[in-house]
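Engineer: This is target-v1.csv (CSV, C-alpha atoms).
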```csv
chain,number,residue,atom,x,y,z
A,1,MET,CA,-4.3,-8.6,15.2
A,2,LYS,CA,-3.3,-10.3,12.0
A,3,GLU,CA,0.2,-9.4,11.2
A,4,ARG,CA,1.4,-8.4,7.8
A,5,LYS,CA,5.0,-9.5,8.1
A,6,ILE,CA,6.0,-12.8,6.5
A,7,THR,CA,7.8,-15.6,8.1
A,8,ASN,CA,11.6,-15.8,7.9
A,9,GLU,CA,11.2,-19.0,5.8
A,10,MET,CA,9.1,-17.2,3.2
A,11,LEU,CA,11.4,-14.2,3.2
A,12,ASP,CA,14.3,-16.6,2.5
A,13,ALA,CA,12.4,-18.3,-0.3
A,14,PHE,CA,12.1,-15.0,-2.0
A,15,LEU,CA,15.7,-14.0,-1.4
A,16,HIS,CA,17.4,-17.3,-2.2
A,17,GLY,CA,14.9,-20.0,-2.8
A,18,GLU,CA,12.1,-21.1,-5.1
A,19,LEU,CA,10.2,-17.8,-5.1
A,20,HIS,CA,13.3,-15.8,-6.1
A,21,PRO,CA,12.3,-15.6,-9.8
A,22,LEU,CA,9.1,-13.9,-8.9
A,23,LEU,CA,10.9,-11.3,-6.8
A,24,GLU,CA,13.3,-10.6,-9.6
A,25,ALA,CA,10.4,-10.2,-12.0
A,26,VAL,CA,8.9,-7.6,-9.7
A,27,LYS,CA,12.2,-5.7,-9.4
A,28,LYS,CA,12.6,-5.6,-13.1
A,29,ASP,CA,9.1,-4.5,-13.9
A,30,ASP,CA,8.0,-1.0,-12.7
A,31,THR,CA,4.3,-1.9,-13.2
A,32,LEU,CA,4.4,-4.6,-10.5
A,33,ASP,CA,4.2,-4.1,-6.8
A,34,LEU,CA,4.8,-6.7,-4.1
A,35,GLU,CA,3.0,-6.4,-0.8
A,36,LEU,CA,3.3,-8.6,2.3
A,37,ARG,CA,0.1,-10.3,3.7
A,38,GLY,CA,1.3,-12.4,6.6
A,39,ASN,CA,1.0,-16.0,5.4
A,40,SER,CA,0.9,-14.8,1.8
A,41,VAL,CA,2.3,-12.2,-0.6
A,42,ASN,CA,0.4,-10.3,-3.3
A,43,ILE,CA,1.9,-9.1,-6.5
A,44,TYR,CA,-0.2,-6.2,-7.8
A,45,TYR,CA,-0.6,-4.9,-11.3
A,46,ARG,CA,-2.6,-1.8,-11.9
A,47,GLY,CA,-4.0,-2.2,-8.4
A,48,GLY,CA,-5.3,-5.7,-9.0
A,49,SER,CA,-3.7,-8.9,-7.7
A,50,LEU,CA,-1.7,-10.5,-10.5
A,51,PHE,CA,-0.5,-13.3,-8.3
A,52,LYS,CA,-1.2,-14.3,-4.7
A,53,ILE,CA,1.6,-16.5,-3.3
A,54,THR,CA,0.5,-18.5,-0.2
A,55,GLU,CA,2.7,-20.4,2.3
A,56,LYS,CA,1.4,-23.5,3.9
A,57,LYS,CA,3.7,-25.9,5.8
A,58,GLY,CA,6.7,-24.9,3.9
A,59,ASN,CA,5.0,-25.2,0.5
A,60,TYR,CA,4.1,-22.3,-1.8
A,61,THR,CA,1.1,-21.9,-4.1
A,62,VAL,CA,0.8,-19.3,-6.8
A,63,PHE,CA,-2.7,-18.2,-7.6
A,64,PHE,CA,-4.1,-16.1,-10.5
A,65,ASN,CA,-7.8,-15.1,-10.3
A,66,LYS,CA,-9.4,-16.2,-13.6
A,67,LYS,CA,-12.1,-13.7,-13.2
A,68,TYR,CA,-9.7,-11.5,-15.2
A,69,CYS,CA,-10.0,-13.8,-18.2
A,70,MET,CA,-12.6,-12.3,-20.5
A,71,THR,CA,-12.9,-15.6,-22.5
A,72,ASP,CA,-13.8,-19.0,-21.2
A,73,ASN,CA,-11.2,-20.8,-23.3
A,74,SER,CA,-8.2,-18.9,-21.7
A,75,VAL,CA,-5.1,-21.0,-21.5
A,76,LEU,CA,-3.8,-19.1,-18.5
A,77,GLU,CA,-3.3,-21.4,-15.5
A,78,GLU,CA,-5.1,-20.6,-12.3
A,79,TYR,CA,-2.3,-22.2,-10.2
A,80,PRO,CA,0.9,-21.9,-12.3
A,81,ASP,CA,4.2,-23.1,-10.9
A,82,VAL,CA,6.8,-20.3,-10.4
A,83,LYS,CA,8.5,-20.7,-13.7
A,84,SER,CA,5.2,-20.7,-15.7
A,85,ALA,CA,4.0,-17.7,-13.8
A,86,VAL,CA,7.1,-15.7,-14.5
A,87,ASP,CA,7.3,-16.8,-18.2
A,88,ASN,CA,3.7,-15.8,-18.8
A,89,ILE,CA,3.5,-12.5,-16.9
A,90,PRO,CA,2.9,-10.6,-20.2
A,91,PHE,CA,-0.1,-12.7,-21.0
A,92,TYR,CA,-1.5,-12.5,-17.4
A,93,LYS,CA,-1.1,-8.7,-17.6
A,94,GLN,CA,-2.9,-8.6,-20.9
A,95,ALA,CA,-5.8,-10.4,-19.5
A,96,MET,CA,-6.0,-7.9,-16.6
A,97,ASP,CA,-5.7,-5.0,-19.0
A,98,TRP,CA,-8.7,-6.2,-20.9
A,99,TRP,CA,-10.7,-6.7,-17.7
A,100,PHE,CA,-9.8,-3.3,-16.3
A,101,HIS,CA,-11.0,-1.7,-19.6
A,102,GLU,CA,-14.4,-3.1,-18.8
A,103,HIS,CA,-14.1,-2.7,-15.0
A,104,PRO,CA,-11.8,0.2,-14.2
A,105,LYS,CA,-10.3,0.6,-10.7
A,106,TYR,CA,-8.7,4.0,-11.0
A,107,GLU,CA,-8.3,4.6,-7.3
A,108,ARG,CA,-6.3,1.4,-6.7
A,109,GLU,CA,-4.2,2.0,-9.8
A,110,PHE,CA,-3.4,5.5,-8.6
A,111,GLN,CA,-2.3,4.0,-5.1
A,112,GLN,CA,0.2,1.8,-6.8
A,113,VAL,CA,1.7,4.7,-8.7
A,114,ILE,CA,2.1,6.7,-5.5
A,115,ALA,CA,3.8,3.7,-3.9
A,116,ARG,CA,6.2,3.3,-6.8
A,117,GLU,CA,7.2,7.0,-6.9
A,118,ASN,CA,7.8,7.3,-3.2
A,119,ASN,CA,9.7,4.0,-2.9
A,120,ASN,CA,11.4,3.1,-6.2
A,121,LEU,CA,12.3,6.1,-8.2
A,122,GLY,CA,15.9,6.4,-7.3
A,123,ASN,CA,17.1,9.9,-6.3
A,124,ILE,CA,13.6,11.2,-6.4
A,125,SER,CA,12.3,8.7,-3.9
A,126,ARG,CA,15.3,9.3,-1.6
A,127,GLY,CA,14.3,13.0,-1.5
A,128,THR,CA,10.6,12.4,-0.4
A,129,ASP,CA,9.5,12.5,3.2
A,130,TYR,CA,7.4,9.4,3.2
A,131,TYR,CA,7.8,5.7,2.3
A,132,ILE,CA,4.8,3.6,1.5
A,133,VAL,CA,4.9,0.5,3.7
A,134,ASP,CA,1.6,-1.1,2.7
A,135,ILE,CA,-1.4,-0.7,0.4
A,136,GLU,CA,-4.9,-2.0,0.8
A,137,TYR,CA,-4.5,-2.5,4.5
A,138,ALA,CA,-7.3,-4.4,6.2
A,139,ASN,CA,-7.5,-5.9,9.7
A,140,LYS,CA,-10.0,-6.6,12.5
A,141,VAL,CA,-9.7,-4.0,15.3
A,142,ASP,CA,-11.9,-5.5,18.0
A,143,VAL,CA,-14.1,-8.3,19.1
A,144,ALA,CA,-17.1,-6.6,17.6
A,145,ASP,CA,-15.5,-7.4,14.2
A,146,LYS,CA,-15.0,-3.8,13.3
A,147,SER,CA,-12.4,-3.7,10.6
A,148,ALA,CA,-9.8,-1.1,9.8
A,149,ARG,CA,-9.3,-0.4,6.2
A,150,PHE,CA,-6.8,2.1,4.7
A,151,ASP,CA,-5.7,2.7,1.2
A,152,MET,CA,-2.0,3.1,2.2
A,153,VAL,CA,0.2,3.0,5.3
A,154,ALA,CA,3.2,5.3,5.1
A,155,LEU,CA,6.3,6.0,7.2
A,156,LYS,CA,7.0,9.7,7.8
A,157,TRP,CA,10.7,9.9,7.7
A,158,LEU,CA,12.0,13.4,6.8
A,159,SER,CA,14.6,13.4,4.1
A,160,ASP,CA,17.0,15.8,5.7
A,161,GLY,CA,20.3,14.1,6.4
A,162,ALA,CA,20.3,14.0,10.2
A,163,THR,CA,16.7,12.7,10.4
A,164,ARG,CA,17.1,10.1,7.7
A,165,LYS,CA,20.1,8.6,9.5
A,166,ASP,CA,18.1,8.1,12.7
A,167,VAL,CA,16.0,5.0,12.5
A,168,LYS,CA,14.0,6.1,15.6
A,169,LYS,CA,12.8,9.4,14.1
A,170,VAL,CA,10.0,7.7,12.2
A,171,SER,CA,6.3,8.2,12.7
A,172,LEU,CA,3.3,6.8,10.9
A,173,ALA,CA,0.7,8.2,8.5
A,174,LEU,CA,-2.5,6.6,7.3
A,175,VAL,CA,-3.4,7.6,3.8
A,176,GLU,CA,-6.7,7.6,2.1
A,177,VAL,CA,-7.0,8.1,-1.7
A,178,LYS,CA,-10.1,9.5,-3.3
A,179,PHE,CA,-10.3,9.5,-7.1
A,180,GLY,CA,-12.6,12.1,-8.6
A,181,ASN,CA,-15.4,14.0,-6.9
A,182,GLY,CA,-17.8,11.0,-7.0
A,183,ALA,CA,-15.7,9.3,-4.3
A,184,LEU,CA,-16.0,12.1,-1.8
A,185,GLN,CA,-19.4,11.4,-0.5
A,186,GLY,CA,-21.6,8.4,0.4
A,187,LYS,CA,-20.8,5.2,2.3
A,188,ALA,CA,-17.0,5.5,1.9
A,189,GLY,CA,-16.9,9.2,2.1
A,190,VAL,CA,-14.5,11.4,4.1
A,191,SER,CA,-16.7,11.7,7.2
A,192,ASP,CA,-16.9,7.9,7.6
A,193,HIS,CA,-13.2,7.5,7.1
A,194,LEU,CA,-12.5,10.1,9.8
A,195,LYS,CA,-14.6,8.1,12.2
A,196,ASP,CA,-12.7,4.9,11.4
A,197,PHE,CA,-9.3,6.7,11.8
A,198,GLN,CA,-10.4,8.0,15.2
A,199,ARG,CA,-11.5,4.6,16.4
A,200,PHE,CA,-8.3,2.9,15.1
A,201,LEU,CA,-5.9,5.5,16.6
A,202,SER,CA,-7.6,5.6,20.0
A,203,ASP,CA,-6.9,1.9,20.7
A,204,GLN,CA,-3.4,2.4,22.1
A,205,ASN,CA,-2.6,-1.3,22.5
A,206,PHE,CA,-3.7,-2.2,19.0
A,207,PHE,CA,-1.9,0.8,17.5
A,208,LYS,CA,1.3,-0.2,19.3
A,209,GLU,CA,1.2,-3.7,17.8
A,210,PHE,CA,0.4,-2.2,14.4
A,211,CYS,CA,3.4,0.1,14.6
A,212,GLU,CA,5.6,-2.8,15.6
A,213,ASP,CA,4.3,-5.0,12.7
A,214,MET,CA,4.8,-2.2,10.2
A,215,SER,CA,8.4,-1.7,11.3
A,216,VAL,CA,9.1,-5.3,10.5
A,217,VAL,CA,7.2,-5.1,7.2
A,218,PHE,CA,9.3,-2.1,6.1
A,219,ALA,CA,12.5,-3.9,7.1
A,220,GLN,CA,11.5,-7.0,5.1
A,221,LYS,CA,10.6,-5.0,2.1
A,222,CYS,CA,14.0,-3.3,2.3
A,223,GLN,CA,15.7,-6.7,2.5
A,224,LEU,CA,13.8,-7.8,-0.6
A,225,GLY,CA,15.2,-4.8,-2.4
A,226,LEU,CA,11.7,-3.1,-2.8
A,227,VAL,CA,12.8,0.2,-1.4
A,228,ASP,CA,15.4,2.4,-3.1
A,229,GLY,CA,18.3,4.2,-1.6
A,230,LEU,CA,18.6,3.0,2.0
A,231,GLN,CA,21.7,1.5,3.6
A,232,LYS,CA,21.3,-1.8,5.5
A,233,LYS,CA,21.7,-0.1,8.9
A,234,GLN,CA,18.6,2.0,8.0
A,235,PHE,CA,16.3,-1.0,7.4
A,236,GLU,CA,15.5,-1.6,11.0
A,237,VAL,CA,13.3,1.4,11.7
A,238,LYS,CA,11.4,1.8,15.0
A,239,ILE,CA,8.1,3.4,14.2
A,240,SER,CA,7.0,5.7,17.0
A,241,CYS,CA,3.4,5.5,18.2
A,242,GLU,CA,3.5,9.2,18.9
A,243,ASN,CA,2.2,11.9,16.5
A,244,PRO,CA,0.4,9.7,13.9
A,245,GLU,CA,-1.3,11.7,11.1
A,246,VAL,CA,-3.9,11.1,8.5
A,247,ILE,CA,-3.4,12.2,4.8
A,248,PHE,CA,-6.0,12.5,2.2
A,249,VAL,CA,-5.1,12.4,-1.5
A,250,PHE,CA,-7.9,13.9,-3.6
A,251,ALA,CA,-6.8,12.7,-7.0
A,252,ASN,CA,-8.3,14.6,-10.0
A,253,HIS,CA,-10.6,16.7,-7.8
A,254,ASP,CA,-12.4,19.3,-9.9
A,255,PRO,CA,-11.4,22.7,-8.3
A,256,ASP,CA,-14.7,24.3,-9.6
A,257,SER,CA,-16.7,21.9,-7.5
A,258,LYS,CA,-17.9,22.9,-4.0
A,259,ILE,CA,-18.2,19.3,-2.8
A,260,LEU,CA,-14.8,19.1,-1.1
A,261,ASP,CA,-15.3,22.6,0.5
A,262,ASN,CA,-18.5,21.4,2.1
A,263,ILE,CA,-17.0,18.1,3.3
A,264,LEU,CA,-14.2,19.8,5.0
A,265,LEU,CA,-16.7,21.5,7.3
A,266,CYS,CA,-17.9,18.2,8.8
A,267,ASN,CA,-18.1,17.8,12.5
A,268,GLU,CA,-15.8,14.7,12.5
A,269,LEU,CA,-12.9,16.9,11.2
A,270,LYS,CA,-13.3,19.3,14.1
A,271,THR,CA,-13.1,16.6,16.8
A,272,CYS,CA,-10.2,14.6,15.4
A,273,SER,CA,-7.4,14.1,18.0
A,274,PHE,CA,-4.8,13.7,15.2
A,275,PRO,CA,-3.6,16.1,12.4
A,276,VAL,CA,-5.5,15.7,9.1
A,277,LEU,CA,-3.6,16.8,6.0
A,278,ILE,CA,-4.3,17.1,2.3
A,279,ALA,CA,-1.5,16.1,-0.1
A,280,ASN,CA,-0.7,18.6,-2.8
A,281,ALA,CA,1.2,17.7,-6.0
A,282,SER,CA,4.8,18.8,-6.4
A,283,SER,CA,4.5,20.2,-10.0
A,284,MET,CA,2.2,17.3,-11.1
A,285,GLY,CA,4.1,14.5,-9.4
A,286,TYR,CA,3.0,11.8,-7.0
A,287,CYS,CA,5.7,12.1,-4.4
A,288,LEU,CA,4.8,13.1,-0.8
A,289,TYR,CA,6.7,16.0,0.7
A,290,ALA,CA,6.0,17.3,4.2
A,291,ASP,CA,6.0,20.9,3.1
A,292,GLN,CA,3.5,20.2,0.4
A,293,LEU,CA,0.8,19.0,2.9
A,294,THR,CA,-1.9,21.3,4.1
A,295,LYS,CA,-3.2,20.8,7.6
A,296,ILE,CA,-7.0,21.2,7.7
A,297,ASN,CA,-7.9,20.8,11.4
```
For the structure just supplied, provide its representation as C-alpha cells.
Structural biologist:
Amino acid sequence: MKERKITNEMLDAFLHGELHPLLEAVKKDDTLDLELRGNSVNIYYRGGSLFKITEKKGNYTVFFNKKYCMTDNSVLEEYPDVKSAVDNIPFYKQAMDWWFHEHPKYEREFQQVIARENNNLGNISRGTDYYIVDIEYANKVDVADKSARFDMVALKWLSDGATRKDVKKVSLALVEVKFGNGALQGKAGVSDHLKDFQRFLSDQNFFKEFCEDMSVVFAQKCQLGLVDGLQKKQFEVKISCENPEVIFVFANHDPDSKILDNILLCNELKTCSFPVLIANASSMGYCLYADQLTKIN
C-alpha cells in the first residue's frame, strides 16, 4: 500500500524550513486546501492541483500544470521556486479560473468546500461529527492492480465532550460525492461504487494498514495547523478498524427525479456488510452531523 503520510523531513520543511511560506499561504487563503500524498503534497484550488510539491533526496520541487494556461504565451512558470510560487498565487489561480470556466469540475470543487467547512470553520467545525482526512484518495488494493478510489476519507469523531476527548473513539467513513443527477448512473454510478467499497473493506489486512496511515495523516495535518480547534493531545488519534461506514453526498439532486429512488433499490445495497448513509444538509450547510445522516440499508 502506498502511504499518504509524508516524511518527518518534509513535515519539518513545511513547519520550519523552505516550504513554510507555502504552508502559510494555504492557512491564510480559505480557497486553498493542502493534502498529503506520500512523497509529495498537493495544494488544491477549486478541486484542481494548484501546486504539487515533490520531495526527492532532501530537495523539493514545486510544479504547476500549464494545461491550465489558456494562452501559449503565459509567463507563469511550470517549476517556480517557493518564493515565486507564493508571490504569484493570484495569477496562477486566475489561470485556473479561466480553465475551469471552459472545463468545470463541480464535484471536485464541492469536495473541497466540504473539507473546509468540516475542518477549518472555527466553532462550526468543532461542532461537527466528522473531520475530512483526505480527498481524492487513490491506491492499489491488490496484485490484480485493482484500485481503490474515494472522493473523501473522513474520521467519525462525535463532537460531544467525552467522546471528543478520547482519541481512541474514532472510526472511519469513506465518502462519495455525486454532483447532479447525471452522476448517479453509468460507469461511476452508485452500484459500482458499492462494489468497490465492499472489496476494499473486506480486505482486513489492507484496511488495517489504511487506518494506521490515515491516523498519521490526520496527526500531521493537525501539526501543520490545517485542522481547527483541537488540542495537541488530540492530534494522535487511533482510528479503529471496527464499524467503518460509507456516506454518499448527493449534491444538487433534483427531488422530482426518480433516478435516485431507483438506484437505492440495487442489489449491491442489500448485500453490503457495512452501513450506507446519505448526508443531509443542515439548513443548507456543508457540515456533516451524525444525526443528519440517513441509513439506507
Engineer: Find the residues of region 41-156 of chain A that sit at most 8 Å from region 226-248 of chain A; for each, write down the nearest two atoms and how far apart they are in Å, to one decimal. Count only C-alpha atoms. Sort by chain, then by number going up, and give it as CSV.
Structural biologist:
```
residue,atom,partner,partner_atom,distance
A:Asn119,CA,A:Val227,CA,5.1
A:Asn120,CA,A:Asp228,CA,5.1
A:Leu121,CA,A:Asp228,CA,7.0
A:Gly122,CA,A:Asp228,CA,5.8
A:Asn123,CA,A:Gly229,CA,7.5
A:Ser125,CA,A:Asp228,CA,7.1
A:Arg126,CA,A:Gly229,CA,5.9
A:Leu155,CA,A:Ile239,CA,7.7
```
Engineer: What does the distance from CA of Gln94 (chain A) to CA of Ala138 (chain A) come to in Å, to one decimal?
Structural biologist: 27.8 Å
Engineer: With a distance cut-off of 10 Å and only C-alpha atoms, select the neighbouring residues of Leu288 (chain A), excluding the residue or stretch itself and same-chain residues fewer than 3 positions from it, and output the selection as a VMD selection string.
Structural biologist: chain A and resid 114 to 115 117 to 118 125 127 to 132 154 156 247 249 279 to 282 285 291 to 293
Engineer: As AutoDock Vina command-line options, what would the box around region 11-17 of chain A look like: edges along x, y and z, 8 Å added on every side, centre and edge lengths in Å to one decimal?
Structural biologist:
```
--center_x 14.4 --center_y -17.0 --center_z 0.2 --size_x 22.0 --size_y 22.0 --size_z 22.0
```
Engineer: Could you pull the residues within 9 Å of Asp33 (chain A), counting all atoms listed in the file, minus those fewer than 3 positions along the same chain, as an mmCIF file with C-alpha atoms, in the frame of the given file?
Structural biologist:
```
data_model
loop_
_atom_site.group_PDB
_atom_site.id
_atom_site.type_symbol
_atom_site.label_atom_id
_atom_site.label_comp_id
_atom_site.auth_asym_id
_atom_site.auth_seq_id
_atom_site.Cartn_x
_atom_site.Cartn_y
_atom_site.Cartn_z
ATOM 1 C CA VAL A 26 8.900 -7.600 -9.700
ATOM 2 C CA LYS A 27 12.200 -5.700 -9.400
ATOM 3 C CA ASP A 29 9.100 -4.500 -13.900
ATOM 4 C CA ASP A 30 8.000 -1.000 -12.700
ATOM 5 C CA ASN A 42 0.400 -10.300 -3.300
ATOM 6 C CA ILE A 43 1.900 -9.100 -6.500
ATOM 7 C CA TYR A 44 -0.200 -6.200 -7.800
ATOM 8 C CA TYR A 45 -0.600 -4.900 -11.300
ATOM 9 C CA ARG A 46 -2.600 -1.800 -11.900
ATOM 10 C CA GLY A 47 -4.000 -2.200 -8.400
ATOM 11 C CA GLN A 112 0.200 1.800 -6.800
ATOM 12 C CA ALA A 115 3.800 3.700 -3.900
ATOM 13 C CA ARG A 116 6.200 3.300 -6.800
ATOM 14 C CA LEU A 226 11.700 -3.100 -2.800
#
```
Engineer: I'd like to know which of A:Thr31, A:Lys2, A:His253, A:Ala290 is closest to Asn139 (chain A), using all atoms listed in the file.
Structural biologist: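 The shortest atom-to-atom distance to Asn139 (chain A) comes from A:Lys2.
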Engineer: Separation of CA of Lys28 (chain A) and CA of Ala85 (chain A), in Å?
Structural biologist: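 Going from CA of Lys28 (chain A) over to CA of Ala85 (chain A) covers 14.9 Å.
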Engineer: One decimal, Å: what's the distance from CA of Val177 (chain A) over to CA of Leu36 (chain A), could you say?
Structural biologist: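 Calculated distance between CA of Val177 (chain A) and CA of Leu36 (chain A) is 20.0 Å.
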